[in-house]
file coords20.txt (compact mmCIF, C-alpha atoms and all ligand atoms)
# COMPACT_ATOMS: atom_id res chain seq x y z
CA MET A 1 -18.06 25.79 -8.39
CA LYS A 2 -20.21 24.72 -5.46
CA LYS A 3 -22.98 27.20 -4.63
CA GLY A 4 -22.32 29.37 -1.59
CA ILE A 5 -18.61 28.60 -1.54
CA ASP A 6 -15.95 31.27 -1.97
CA PRO A 7 -12.75 29.39 -2.85
CA SER A 8 -10.54 32.44 -2.36
CA THR A 9 -11.42 32.74 1.34
CA LEU A 10 -11.53 29.02 2.11
CA LYS A 11 -9.44 28.07 5.16
CA ILE A 12 -8.52 24.88 6.99
CA THR A 13 -9.98 24.98 10.52
CA ASP A 14 -9.50 21.48 11.92
CA LEU A 15 -7.94 18.03 11.46
CA ARG A 16 -9.40 15.02 13.29
CA PHE A 17 -9.09 11.24 13.36
CA ALA A 18 -10.88 7.95 13.77
CA ASP A 19 -8.77 4.81 14.16
CA ILE A 20 -10.50 1.60 13.16
CA ASP A 21 -9.27 -1.93 13.53
CA GLY A 22 -9.72 -5.23 11.74
CA ALA A 23 -9.99 -3.91 8.18
CA PRO A 24 -7.98 -6.24 8.38
CA LYS A 25 -5.28 -3.80 9.43
CA ARG A 26 -5.44 -0.80 11.69
CA CYS A 27 -6.56 2.20 9.62
CA THR A 28 -6.41 5.85 10.67
CA LEU A 29 -9.10 7.84 8.89
CA LEU A 30 -8.81 11.62 8.90
CA LYS A 31 -11.03 14.61 8.19
CA ILE A 32 -9.95 18.13 7.34
CA GLU A 33 -12.61 20.75 8.15
CA THR A 34 -12.90 24.17 6.56
CA ASN A 35 -14.47 27.52 7.44
CA GLN A 36 -17.16 26.98 4.77
CA GLY A 37 -18.51 23.60 5.80
CA ILE A 38 -16.64 21.50 3.26
CA THR A 39 -14.92 18.43 4.68
CA GLY A 40 -12.10 16.45 3.06
CA TYR A 41 -11.47 12.77 3.78
CA GLY A 42 -8.04 11.22 3.95
CA GLU A 43 -6.23 8.37 5.63
CA VAL A 44 -2.85 7.64 7.18
CA ARG A 45 -0.96 4.62 5.74
CA ASP A 46 -2.10 1.23 7.10
CA ALA A 47 -0.61 0.16 10.42
CA SER A 48 0.88 3.59 10.96
CA SER A 49 0.36 6.31 13.58
CA ARG A 50 -2.02 9.28 13.63
CA THR A 51 0.81 11.28 15.18
CA TYR A 52 2.47 11.54 11.75
CA ALA A 53 -0.55 13.56 10.59
CA ALA A 54 -1.46 15.29 13.86
CA MET A 55 1.98 16.90 14.14
CA LEU A 56 1.25 18.66 10.83
CA LYS A 57 -2.02 20.24 11.99
CA SER A 58 -0.49 23.53 13.14
CA ARG A 59 1.36 23.75 9.83
CA ILE A 60 -1.82 23.65 7.74
CA LEU A 61 -4.37 25.51 9.92
CA GLY A 62 -5.54 28.69 8.19
CA GLU A 63 -4.19 27.62 4.80
CA ASN A 64 -6.38 27.48 1.71
CA PRO A 65 -6.86 23.71 1.18
CA CYS A 66 -7.25 24.14 -2.59
CA ASN A 67 -3.55 24.99 -2.83
CA VAL A 68 -2.74 21.31 -2.64
CA GLU A 69 0.76 21.39 -4.08
CA LYS A 70 1.78 24.42 -2.00
CA ILE A 71 0.72 22.73 1.24
CA PHE A 72 2.27 19.42 0.17
CA ARG A 73 5.62 21.12 -0.40
CA ARG A 74 5.40 22.70 3.04
CA ILE A 75 4.79 19.43 4.87
CA LYS A 76 6.78 17.13 2.57
CA GLN A 77 9.86 17.26 4.80
CA PHE A 78 7.92 15.46 7.56
CA GLY A 79 7.38 12.30 5.54
CA GLY A 80 9.75 9.36 5.33
CA ASP A 81 9.93 5.81 4.07
CA SER A 82 7.02 3.45 4.55
CA ARG A 83 4.68 4.36 7.45
CA GLN A 84 6.50 7.61 8.24
CA ALA A 85 4.98 9.14 5.11
CA GLY A 86 1.46 8.33 6.23
CA GLY A 87 0.66 11.75 7.69
CA VAL A 88 1.84 13.87 4.77
CA CYS A 89 0.07 11.62 2.26
CA GLY A 90 -3.17 11.35 4.23
CA ILE A 91 -3.44 15.13 4.40
CA GLU A 92 -2.64 15.51 0.70
CA VAL A 93 -5.47 13.13 -0.17
CA ALA A 94 -7.95 15.10 1.97
CA LEU A 95 -6.88 18.36 0.29
CA TRP A 96 -7.67 16.91 -3.16
CA ASP A 97 -11.04 15.79 -1.86
CA ILE A 98 -11.80 19.33 -0.70
CA ALA A 99 -10.56 20.92 -3.94
CA GLY A 100 -12.74 18.57 -5.98
CA LYS A 101 -15.79 19.30 -3.84
CA VAL A 102 -15.22 23.06 -4.05
CA TRP A 103 -14.91 23.06 -7.85
CA GLU A 104 -17.41 20.19 -8.21
CA VAL A 105 -15.17 17.92 -10.27
CA PRO A 106 -13.76 14.46 -9.56
CA VAL A 107 -10.09 14.30 -8.60
CA TRP A 108 -9.19 12.40 -11.80
CA GLN A 109 -10.39 15.41 -13.78
CA LEU A 110 -8.10 17.71 -11.77
CA LEU A 111 -5.22 15.37 -12.65
CA GLY A 112 -5.79 15.84 -16.37
CA GLY A 113 -8.63 13.45 -17.16
CA LYS A 114 -8.91 9.68 -17.29
CA TYR A 115 -7.54 6.86 -19.43
CA ARG A 116 -10.18 4.35 -18.32
CA ASP A 117 -13.66 4.14 -16.81
CA SER A 118 -13.03 1.22 -14.50
CA ILE A 119 -10.02 0.10 -12.52
CA ARG A 120 -8.73 -3.46 -12.67
CA CYS A 121 -8.23 -4.86 -9.17
CA TYR A 122 -6.25 -7.78 -7.83
CA CYS A 123 -6.41 -9.18 -4.35
CA ASP A 124 -3.94 -10.81 -2.05
CA THR A 125 -4.91 -14.38 -1.38
CA ASP A 126 -4.04 -16.42 1.68
CA SER A 127 -4.31 -20.16 1.72
CA GLU A 128 -3.39 -23.00 4.03
CA GLY A 129 -1.89 -26.14 2.57
CA GLY A 130 -0.05 -26.69 -0.69
CA GLY A 131 0.01 -25.26 -4.18
CA ARG A 132 -3.17 -27.06 -5.24
CA ASP A 133 -5.02 -25.43 -2.33
CA MET A 134 -3.62 -22.03 -3.25
CA GLY A 135 -4.59 -22.68 -6.86
CA LYS A 136 -8.16 -23.43 -5.78
CA ALA A 137 -8.28 -20.25 -3.66
CA LEU A 138 -7.04 -18.22 -6.63
CA LYS A 139 -9.58 -19.88 -8.91
CA GLU A 140 -12.26 -18.72 -6.51
CA ARG A 141 -10.93 -15.16 -6.95
CA MET A 142 -11.25 -15.59 -10.72
CA ARG A 143 -14.83 -16.75 -10.25
CA MET A 144 -15.44 -13.53 -8.30
CA GLY A 145 -14.37 -11.62 -11.41
CA PHE A 146 -10.72 -10.90 -10.71
CA THR A 147 -8.54 -10.91 -13.83
CA PHE A 148 -5.18 -10.56 -12.10
CA LEU A 149 -3.83 -12.56 -9.16
CA LYS A 150 -1.20 -12.33 -6.44
CA MET A 151 0.00 -14.77 -3.83
CA ASP A 152 2.84 -15.21 -1.37
CA LEU A 153 5.65 -17.58 -2.29
CA GLY A 154 8.60 -17.70 0.04
CA ILE A 155 10.34 -19.08 3.08
CA GLU A 156 7.18 -18.94 5.17
CA LEU A 157 5.97 -22.01 3.25
CA LEU A 158 9.22 -23.83 4.07
CA MET A 159 9.43 -23.15 7.79
CA GLY A 160 7.62 -26.35 8.73
CA HIS A 161 9.56 -28.60 6.34
CA GLU A 162 12.88 -30.14 7.19
CA GLY A 163 15.92 -29.48 5.02
CA CYS A 164 14.41 -26.67 2.95
CA LEU A 165 16.28 -23.78 4.55
CA SER A 166 19.73 -23.26 5.92
CA ALA A 167 20.67 -20.63 8.48
CA PRO A 168 23.03 -20.28 11.44
CA LEU A 169 21.91 -23.13 13.67
CA GLY A 170 19.28 -22.05 16.15
CA PHE A 171 18.24 -18.96 14.18
CA LEU A 172 15.21 -20.51 12.48
CA GLU A 173 14.07 -22.08 15.76
CA LYS A 174 14.15 -18.63 17.31
CA MET A 175 12.15 -17.22 14.42
CA ARG A 176 9.58 -19.99 14.76
CA GLU A 177 9.31 -19.38 18.48
CA TYR A 178 8.70 -15.64 18.03
CA LYS A 179 6.33 -16.26 15.14
CA LYS A 180 4.17 -18.34 17.43
CA THR A 181 3.80 -15.30 19.69
CA VAL A 182 3.52 -12.83 16.86
CA PHE A 183 0.91 -14.70 14.86
CA SER A 184 -1.21 -15.54 17.87
CA THR A 185 -2.04 -11.80 17.95
CA PRO A 186 -4.63 -10.42 15.56
CA HIS A 187 -2.15 -8.34 13.58
CA GLY A 188 0.63 -10.75 12.76
CA SER A 189 4.08 -9.31 12.43
CA ILE A 190 2.85 -5.73 12.69
CA ASP A 191 1.19 -6.09 16.07
CA PRO A 192 2.85 -3.63 18.47
CA ARG A 193 2.63 -6.08 21.38
CA ALA A 194 4.72 -8.61 19.49
CA MET A 195 7.25 -6.25 17.99
CA ARG A 196 9.39 -5.49 20.99
CA GLY A 197 12.82 -6.49 22.19
CA GLU A 198 14.47 -9.41 20.45
CA ALA A 199 11.44 -10.06 18.22
CA TYR A 200 11.80 -6.53 16.85
CA ASP A 201 15.43 -7.12 15.96
CA LEU A 202 14.65 -10.49 14.42
CA PHE A 203 11.95 -9.21 12.11
CA ASN A 204 13.91 -6.07 11.24
CA THR A 205 16.97 -7.88 9.95
CA ALA A 206 17.28 -7.11 6.24
CA HIS A 207 17.67 -9.77 3.59
CA PRO A 208 21.46 -9.80 3.15
CA PHE A 209 22.02 -10.10 6.90
CA THR A 210 19.77 -12.95 8.05
CA GLY A 211 22.03 -15.74 6.82
CA ILE A 212 18.98 -17.65 5.57
CA HIS A 213 19.43 -19.57 2.32
CA LEU A 214 17.20 -21.81 0.23
CA THR A 215 18.45 -25.38 -0.20
CA GLU A 216 17.87 -27.34 -3.42
CA LYS A 217 15.09 -29.12 -1.56
CA GLY A 218 13.56 -25.75 -0.66
CA LEU A 219 13.81 -24.57 -4.26
CA ASP A 220 12.19 -27.83 -5.43
CA PHE A 221 9.37 -27.29 -2.95
CA LEU A 222 8.67 -23.71 -4.08
CA GLU A 223 8.89 -24.64 -7.74
CA GLN A 224 6.46 -27.52 -7.22
CA TYR A 225 4.12 -25.20 -5.33
CA MET A 226 4.14 -22.77 -8.24
CA ALA A 227 3.63 -25.59 -10.75
CA ASP A 228 0.64 -26.86 -8.74
CA VAL A 229 -0.87 -23.37 -8.67
CA ARG A 230 -0.48 -23.05 -12.43
CA ARG A 231 -2.00 -26.50 -12.92
CA GLU A 232 -5.14 -25.23 -11.17
CA VAL A 233 -5.50 -21.76 -12.68
CA GLY A 234 -3.83 -22.28 -16.05
CA TYR A 235 -1.18 -20.11 -17.66
CA GLU A 236 -3.31 -17.33 -19.09
CA VAL A 237 -4.05 -15.34 -15.94
CA PRO A 238 -1.26 -13.10 -14.57
CA ILE A 239 0.09 -14.04 -11.11
CA ALA A 240 2.43 -11.84 -9.12
CA ILE A 241 4.36 -13.23 -6.14
CA ASP A 242 5.22 -11.45 -2.91
CA HIS A 243 6.83 -12.12 0.48
CA LEU A 244 9.78 -14.22 -0.57
CA GLY A 245 11.10 -13.71 2.93
CA HIS A 246 14.34 -12.13 4.05
CA ILE A 247 16.71 -14.06 1.83
CA PRO A 248 19.80 -12.62 0.09
CA VAL A 249 19.77 -11.62 -3.56
CA GLU A 250 21.68 -14.77 -4.61
CA ASP A 251 18.79 -16.89 -3.37
CA CYS A 252 16.28 -14.60 -5.08
CA ILE A 253 18.18 -15.24 -8.32
CA LYS A 254 18.07 -19.02 -7.83
CA LEU A 255 14.35 -18.90 -7.11
CA ALA A 256 13.58 -16.51 -9.96
CA LYS A 257 15.37 -18.79 -12.44
CA ARG A 258 13.31 -21.75 -11.25
CA LEU A 259 10.10 -19.75 -11.70
CA GLU A 260 10.70 -18.30 -15.15
CA LYS A 261 8.62 -20.91 -16.94
CA TYR A 262 5.61 -20.18 -14.73
CA ASN A 263 5.06 -16.85 -16.37
CA LEU A 264 5.02 -14.46 -13.40
CA ALA A 265 3.52 -10.98 -13.62
CA TRP A 266 6.19 -9.80 -11.21
CA MET A 267 8.32 -10.75 -8.21
CA GLU A 268 7.70 -8.16 -5.49
CA ASP A 269 10.16 -6.60 -3.05
CA PRO A 270 12.79 -9.35 -3.37
CA VAL A 271 15.31 -7.27 -1.37
CA PRO A 272 15.03 -3.83 0.30
CA TRP A 273 14.30 -1.17 -2.33
CA GLN A 274 17.30 0.89 -1.22
CA MET A 275 19.72 -1.75 -2.57
CA THR A 276 19.71 -0.61 -6.19
CA SER A 277 22.77 -2.59 -7.31
CA GLN A 278 21.24 -5.82 -5.98
CA TYR A 279 18.10 -5.12 -8.01
CA VAL A 280 20.26 -4.65 -11.08
CA ARG A 281 22.05 -7.94 -10.45
CA LEU A 282 18.75 -9.78 -9.98
CA ALA A 283 17.11 -8.27 -13.04
CA GLN A 284 20.13 -9.10 -15.18
CA SER A 285 20.07 -12.70 -13.95
CA THR A 286 16.47 -13.58 -14.75
CA THR A 287 13.57 -12.89 -17.09
CA VAL A 288 11.10 -12.69 -14.20
CA PRO A 289 9.79 -9.09 -14.07
CA ILE A 290 10.87 -7.33 -10.87
CA GLY A 291 8.70 -4.87 -8.94
CA THR A 292 8.93 -2.74 -5.81
CA GLY A 293 7.58 0.51 -4.39
CA GLU A 294 5.15 0.16 -1.47
CA ASP A 295 7.66 1.53 1.05
CA MET A 296 9.09 4.29 -1.14
CA TYR A 297 8.43 7.98 -0.41
CA LEU A 298 8.55 10.57 -3.19
CA LYS A 299 9.43 10.45 -6.85
CA GLU A 300 13.12 10.93 -6.12
CA SER A 301 13.27 7.53 -4.34
CA PHE A 302 12.04 5.81 -7.50
CA LYS A 303 14.48 7.56 -9.79
CA PRO A 304 17.70 5.57 -9.13
CA LEU A 305 15.90 2.24 -9.53
CA LEU A 306 14.19 3.35 -12.73
CA GLU A 307 17.44 4.72 -14.12
CA SER A 308 19.16 1.43 -13.29
CA GLY A 309 16.79 -0.43 -15.60
CA ALA A 310 16.13 -3.10 -12.97
CA LEU A 311 12.37 -2.63 -12.65
CA ALA A 312 9.52 -3.86 -14.80
CA VAL A 313 6.88 -2.63 -12.34
CA VAL A 314 6.60 0.22 -9.85
CA HIS A 315 4.15 -0.56 -7.06
CA PRO A 316 3.70 2.57 -4.93
CA ASP A 317 1.16 3.02 -2.15
CA ILE A 318 -0.56 6.43 -2.44
CA LEU A 319 -0.25 6.83 1.35
CA THR A 320 3.51 6.33 1.32
CA ALA A 321 4.54 7.60 -2.12
CA GLY A 322 3.53 11.20 -1.39
CA GLY A 323 -0.20 11.24 -2.05
CA ILE A 324 -2.28 11.54 -5.18
CA LEU A 325 -0.26 13.92 -7.36
CA GLU A 326 3.16 12.50 -6.43
CA THR A 327 1.97 8.98 -7.24
CA LYS A 328 0.75 10.10 -10.65
CA LYS A 329 4.14 11.74 -11.21
CA ILE A 330 5.85 8.47 -10.25
CA GLY A 331 3.66 6.61 -12.73
CA ASP A 332 4.44 9.14 -15.44
CA MET A 333 8.17 8.92 -14.76
CA ALA A 334 8.01 5.11 -14.83
CA GLU A 335 6.33 5.29 -18.22
CA GLU A 336 9.33 7.16 -19.59
CA TYR A 337 11.47 4.16 -18.63
CA GLY A 338 9.03 1.66 -20.14
CA VAL A 339 7.87 0.51 -16.72
CA GLN A 340 4.25 -0.16 -15.74
CA MET A 341 2.59 0.97 -12.52
CA SER A 342 0.40 -1.08 -10.24
CA LEU A 343 -0.76 0.22 -6.87
CA HIS A 344 -0.30 -1.20 -3.39
CA MET A 345 -3.34 -0.61 -1.17
CA ALA A 346 -4.07 -2.25 2.18
CA GLU A 347 -6.15 0.45 3.80
CA SER A 348 -9.79 1.53 4.03
CA PRO A 349 -12.10 2.49 1.14
CA VAL A 350 -10.92 6.11 1.56
CA ALA A 351 -7.42 5.17 0.40
CA CYS A 352 -8.95 2.84 -2.16
CA MET A 353 -10.90 5.70 -3.78
CA ALA A 354 -7.80 7.92 -3.76
CA ALA A 355 -5.99 5.13 -5.61
CA VAL A 356 -8.88 4.76 -8.09
CA HIS A 357 -8.44 8.40 -9.19
CA VAL A 358 -4.69 8.01 -9.69
CA ALA A 359 -5.23 4.73 -11.53
CA ALA A 360 -7.77 6.40 -13.80
CA ALA A 361 -5.47 9.31 -14.63
CA THR A 362 -2.17 7.46 -15.19
CA ARG A 363 -1.62 5.82 -18.57
CA ASN A 364 0.72 2.96 -17.66
CA PHE A 365 -1.45 1.72 -14.78
CA MET A 366 -2.06 -2.04 -14.63
CA ALA A 367 -3.82 -3.20 -11.44
CA LEU A 368 -4.88 -1.95 -7.99
CA GLU A 369 -4.45 -4.11 -4.91
CA LEU A 370 -7.37 -4.94 -2.64
CA HIS A 371 -6.33 -6.28 0.73
CA SER A 372 -9.71 -6.66 2.38
CA VAL A 373 -11.78 -8.88 0.09
CA ASP A 374 -12.25 -11.27 3.02
CA VAL A 375 -13.47 -8.51 5.39
CA PRO A 376 -17.25 -8.47 4.78
CA TRP A 377 -17.94 -4.97 6.13
CA TRP A 378 -14.96 -3.21 4.51
CA ASN A 379 -16.88 -1.93 1.44
CA ASP A 380 -19.50 -0.24 3.61
CA LEU A 381 -17.13 2.08 5.45
CA ILE A 382 -18.00 4.78 2.90
CA LYS A 383 -21.19 5.85 1.12
CA PRO A 384 -21.69 4.89 -1.62
CA ALA A 385 -20.09 1.54 -0.76
CA VAL A 386 -17.13 0.32 -2.82
CA ASP A 387 -18.24 -2.15 -5.49
CA TYR A 388 -15.55 -4.47 -6.83
CA SER A 389 -17.93 -7.33 -7.55
CA SER A 390 -16.84 -7.50 -11.19
CA GLY A 391 -13.13 -7.45 -10.33
CA TYR A 392 -13.12 -3.79 -11.33
CA ILE A 393 -14.06 -0.54 -9.55
CA LYS A 394 -15.99 2.01 -11.56
CA VAL A 395 -14.32 5.44 -11.69
CA PRO A 396 -16.75 7.86 -10.00
CA ASP A 397 -17.99 11.10 -11.53
CA ALA A 398 -18.96 12.65 -8.18
CA PRO A 399 -16.83 15.58 -6.89
CA GLY A 400 -13.58 15.01 -5.02
CA LEU A 401 -12.84 11.39 -4.15
CA GLY A 402 -16.46 10.48 -4.91
CA ILE A 403 -17.26 9.72 -1.27
CA GLU A 404 -20.59 11.23 -0.21
CA SER A 405 -20.01 10.49 3.46
CA LEU A 406 -18.34 8.07 5.81
CA ASN A 407 -20.45 5.36 7.42
CA GLU A 408 -20.16 6.79 10.94
CA GLU A 409 -22.21 4.04 12.64
CA LEU A 410 -19.97 1.35 11.19
CA ILE A 411 -16.84 3.33 12.07
CA ALA A 412 -18.12 3.72 15.64
CA SER A 413 -18.51 -0.06 15.91
CA LYS A 414 -14.99 -0.78 14.63
CA LEU A 415 -12.94 1.74 16.63
CA HIS A 416 -9.49 0.71 17.79
CA PRO A 417 -9.55 0.15 21.58
CA ASP A 418 -6.66 2.61 22.06
CA PHE A 419 -8.79 5.38 20.49
CA PRO A 420 -12.32 4.75 21.75
CA GLU A 421 -13.73 8.11 20.62
CA ALA A 422 -14.01 8.95 16.92
CA TRP A 423 -13.17 12.46 15.72
CA SER A 424 -12.29 13.80 19.18
CA SER A 425 -10.59 17.17 19.60
CA THR A 426 -6.98 17.49 18.49
CA ASP A 427 -6.48 20.93 20.02
CA GLU A 428 -3.34 19.72 21.78
CA TRP A 429 -1.62 19.83 18.36
CA ASN A 430 -2.61 23.43 17.51
CA LYS A 431 0.67 24.90 18.76
CA GLU A 432 3.16 22.26 17.64
CA TRP A 433 6.05 24.17 16.14
CA SER A 434 9.65 24.08 15.05
CA ASN A 435 11.70 26.25 12.72
CA ASP A 436 10.94 24.15 9.65
CA ARG A 437 13.29 25.80 7.18
CA GLN A 438 15.75 23.20 5.92
CA TRP A 439 18.61 25.59 5.26
CA SER A 440 20.08 28.73 6.89
MG MG B 1 3.89 -6.35 -0.96

call {"tool": "encode", "arguments": {"input": "coords20.txt", "output": "structure tokens", "more": "lines below"}}
Ligand SMILES: [Mg+2]
result
Amino acid sequence: MKKGIDPSTLKITDLRFADIDGAPKRCTLLKIETNQGITGYGEVRDASSRTYAAMLKSRILGENPCNVEKIFRRIKQFGGDSRQAGGVCGIEVALWDIAGKVWEVPVWQLLGGKYRDSIRCYCDTDSEGGGRDMGKALKERMRMGFTFLKMDLGIELLMGHEGCLSAPLGFLEKMREYKKTVFSTPHGSIDPRAMRGEAYDLFNTAHPFTGIHLTEKGLDFLEQYMADVRREVGYEVPIAIDHLGHIPVEDCIKLAKRLEKYNLAWMEDPVPWQMTSQYVRLAQSTTVPIGTGEDMYLKESFKPLLESGALAVVHPDILTAGGILETKKIGDMAEEYGVQMSLHMAESPVACMAAVHVAAATRNFMALELHSVDVPWWNDLIKPAVDYSSGYIKVPDAPGLGIESLNEELIASKLHPDFPEAWSSTDEWNKEWSNDRQWS
């Protein structure tokens, strides 16, 4: 136990935020302060809102932060799918950090110990041009040390090519027109300025309802792209594919069948995760492994899909799945169904370190996503800086998350313009209240 600390009288006294931008996404870092000078670091899910965490402040003030599960169960009802879970999960992560610092053990030890000393990482890779160009970009990742690859392969690549897609006439033109606006902003499709009105509706139309289909020419194009990538990188390195686009399950099946011989690690989020029966149909129609999970909150969301037998991979994000312990539980449950776990992560090094501890402590873990390999300052947001130079991150032995401190100067220089002051008072949230009991 840390000298001078009395765990039995430890209390949460404050919750504050710093929103940074360009990492490459908007990241909301949080700190939980205690009455004995120990601070826990956490983070709200990428491109989410600090409000999801701030509204929970009054519900955790005065609580003993070491009772992580007890507090999690109290605030759990305020999480939801995707970004809505960001507040609950960010707080849960900070509580583990405090508990580890108080008892002077790393979080992975609190989870039961570790299966590995370093965590295999993969990184998203963007590339302009064709499959050969993507192949070259991926080869560069391999030169950097990465042993696992992921790329996008979907309708985005076909938008500029005639005859590759069919849709109700005029629909694709409208999409292209809005995309021009959306992607001229720094945050692509998740920029709040671009996601209003008709654009919002357009980008929030789920796969079965867009009416977009791949033509044979489109399928030929995507297959050739994949073949060109494999020609560059060979067949021995795993490649996962993501962002097929909002196409119906029938088109996912056609594409998956075309791609079987290219040896995919997994096909990610082909249709919304809620559509279990469509996942079953897809999985039964192809040998391409199917994965999903980054928008799923809590173990119970994963259960129907795992029971259905449709998944080869669960891919939760710690900051949506329910935090550190819930994500480990999801991994453990997946193992019972013979399913591996990889981790989605597109946030700051705080979330990255939280993921490292879960990855260390979960047996069926495969690879952790890095979304910011092309952001040169990203590693330095925490001290010690994140080191993935070998394609792996070493599992730390330091207490808690293994973060000594945040790099406050760097944070100050990257603040989101809407929140120009880091760690300002959140007193306005001290009295937020409702009768939270979920039954009468
Ligand atoms: Mg994804």

call {"tool": "residues_near_ligand", "arguments": {"input": "coords20.txt", "ligand": "ligand MG 1 (chain B)", "cutoff": "8 Å", "atoms": "all atoms listed in the file", "output": "MDAnalysis selection string"}}
result
chainID A and resid 242:243 268:269 292 294 344

call {"tool": "atom_distance", "arguments": {"input": "coords20.txt", "atom1": "CA of Gly322 (chain A)", "atom2": "CA of Leu298 (chain A)"}}
result
5.4 Å

call {"tool": "closest_residue", "arguments": {"input": "coords20.txt", "among": "A:Met144, A:Leu56, A:Leu61, A:Ala206", "to": "Gly86 (chain A)", "atoms": "all atoms listed in the file"}}
result
A:Leu56

call {"tool": "atom_distance", "arguments": {"input": "coords20.txt", "atom1": "CA of Val88 (chain A)", "atom2": "CA of Arg120 (chain A)"}}
result
26.8 Å

call {"tool": "residues_around", "arguments": {"input": "coords20.txt", "residues": "Leu370 (chain A)", "least_positions_apart": "4", "cutoff": "12 Å", "atoms": "only C-alpha atoms", "output": "number ranges by chain"}}
result
A: 23-24, 119-125, 141, 146, 148-150, 317, 342-349, 351-353, 355-356, 374-375, 378-379, 386-389, 391-393

call {"tool": "residues_around", "arguments": {"input": "coords20.txt", "residues": "Leu10 (chain A)", "least_positions_apart": "4", "cutoff": "7 Å", "atoms": "only C-alpha atoms", "output": "list in words"}}
result
Asp6, Thr34, Asn35, Gln36 and Asn64 of chain A

call {"tool": "atom_distance", "arguments": {"input": "coords20.txt", "atom1": "CA of Asp251 (chain A)", "atom2": "CA of Lys136 (chain A)"}}
result
27.8 Å

call {"tool": "closest_residue", "arguments": {"input": "coords20.txt", "among": "A:Gln274, A:Ser58, A:Gln109, A:Thr320", "to": "Arg83 (chain A)", "atoms": "all atoms listed in the file"}}
result
A:Thr320

call {"tool": "residues_around", "arguments": {"input": "coords20.txt", "residues": "Leu282 (chain A)", "least_positions_apart": "3", "cutoff": "7 Å", "atoms": "all atoms listed in the file", "output": "MDAnalysis selection string"}}
result
chainID A and resid 249 253 278:279 285:286

call {"tool": "closest_residue", "arguments": {"input": "coords20.txt", "among": "A:Met341, A:Met275, A:Ile75, A:Leu311", "to": "Asp436 (chain A)", "atoms": "only C-alpha atoms"}}
result
A:Ile75

call {"tool": "closest_residue", "arguments": {"input": "coords20.txt", "among": "A:Phe171, A:Tyr297, A:Ile12, A:Leu264", "to": "Gly80 (chain A)", "atoms": "only C-alpha atoms"}}
result
A:Tyr297

call {"tool": "residues_around", "arguments": {"input": "coords20.txt", "residues": "Phe419 (chain A)", "least_positions_apart": "4", "cutoff": "8 Å", "atoms": "all atoms listed in the file", "output": "list of chain:residue names"}}
result
A:Ala18, A:Asp19, A:Leu415

call {"tool": "write_last_selection", "arguments": {"input": "coords20.txt", "atoms": "C-alpha atoms", "output": "PDB file, in the frame of the given file"}}
result
ATOM      1  CA  ALA A  18     -10.880   7.950  13.770  1.00  0.00           C
ATOM      2  CA  ASP A  19      -8.770   4.810  14.160  1.00  0.00           C
ATOM      3  CA  LEU A 415     -12.940   1.740  16.630  1.00  0.00           C
TER       4      LEU A 415
END

call {"tool": "axis_aligned_box", "arguments": {"input": "coords20.txt", "around": "region 152-158 of chain A", "padding_each_side": "6 Å", "output": "lines of an AutoDock Vina configuration file"}}
result
center_x = 6.6
center_y = -19.5
center_z = 1.4
size_x = 19.5
size_y = 20.6
size_z = 19.5

call {"tool": "closest_residue", "arguments": {"input": "coords20.txt", "among": "A:Gly154, A:Glu369, A:Glu232, A:Phe209", "to": "Ala256 (chain A)", "atoms": "only C-alpha atoms"}}
result
A:Gly154

call {"tool": "build_atoms", "arguments": {"input": "coords20.txt", "residues": "region 16-25 of chain A", "atoms": "N, CA and C atoms", "output": "PDB file, in the coordinates of the input"}}
result
ATOM      1  N   ARG A  16      -9.032  16.000  12.256  1.00  0.00           N
ATOM      2  CA  ARG A  16      -9.400  15.020  13.290  1.00  0.00           C
ATOM      3  C   ARG A  16      -9.307  13.592  12.774  1.00  0.00           C
ATOM      4  N   PHE A  17      -9.371  12.645  13.699  1.00  0.00           N
ATOM      5  CA  PHE A  17      -9.090  11.240  13.360  1.00  0.00           C
ATOM      6  C   PHE A  17     -10.110  10.258  13.910  1.00  0.00           C
ATOM      7  N   ALA A  18     -10.189   9.132  13.235  1.00  0.00           N
ATOM      8  CA  ALA A  18     -10.880   7.950  13.770  1.00  0.00           C
ATOM      9  C   ALA A  18     -10.039   6.743  13.399  1.00  0.00           C
ATOM     10  N   ASP A  19      -9.588   6.012  14.400  1.00  0.00           N
ATOM     11  CA  ASP A  19      -8.770   4.810  14.160  1.00  0.00           C
ATOM     12  C   ASP A  19      -9.664   3.583  14.228  1.00  0.00           C
ATOM     13  N   ILE A  20      -9.733   2.846  13.132  1.00  0.00           N
ATOM     14  CA  ILE A  20     -10.500   1.600  13.160  1.00  0.00           C
ATOM     15  C   ILE A  20      -9.563   0.412  13.102  1.00  0.00           C
ATOM     16  N   ASP A  21     -10.105  -0.735  13.439  1.00  0.00           N
ATOM     17  CA  ASP A  21      -9.270  -1.930  13.530  1.00  0.00           C
ATOM     18  C   ASP A  21      -9.965  -3.103  12.844  1.00  0.00           C
ATOM     19  N   GLY A  22      -9.168  -3.998  12.294  1.00  0.00           N
ATOM     20  CA  GLY A  22      -9.720  -5.230  11.740  1.00  0.00           C
ATOM     21  C   GLY A  22     -10.111  -5.143  10.281  1.00  0.00           C
ATOM     22  N   ALA A  23      -9.558  -4.165   9.568  1.00  0.00           N
ATOM     23  CA  ALA A  23      -9.990  -3.910   8.180  1.00  0.00           C
ATOM     24  C   ALA A  23      -9.159  -4.530   7.053  1.00  0.00           C
ATOM     25  N   PRO A  24      -8.311  -5.508   7.158  1.00  0.00           N
ATOM     26  CA  PRO A  24      -7.980  -6.240   8.380  1.00  0.00           C
ATOM     27  C   PRO A  24      -6.937  -5.513   9.217  1.00  0.00           C
ATOM     28  N   LYS A  25      -6.315  -4.485   8.655  1.00  0.00           N
ATOM     29  CA  LYS A  25      -5.280  -3.800   9.430  1.00  0.00           C
ATOM     30  C   LYS A  25      -5.892  -2.649  10.213  1.00  0.00           C
TER      31      LYS A  25
END
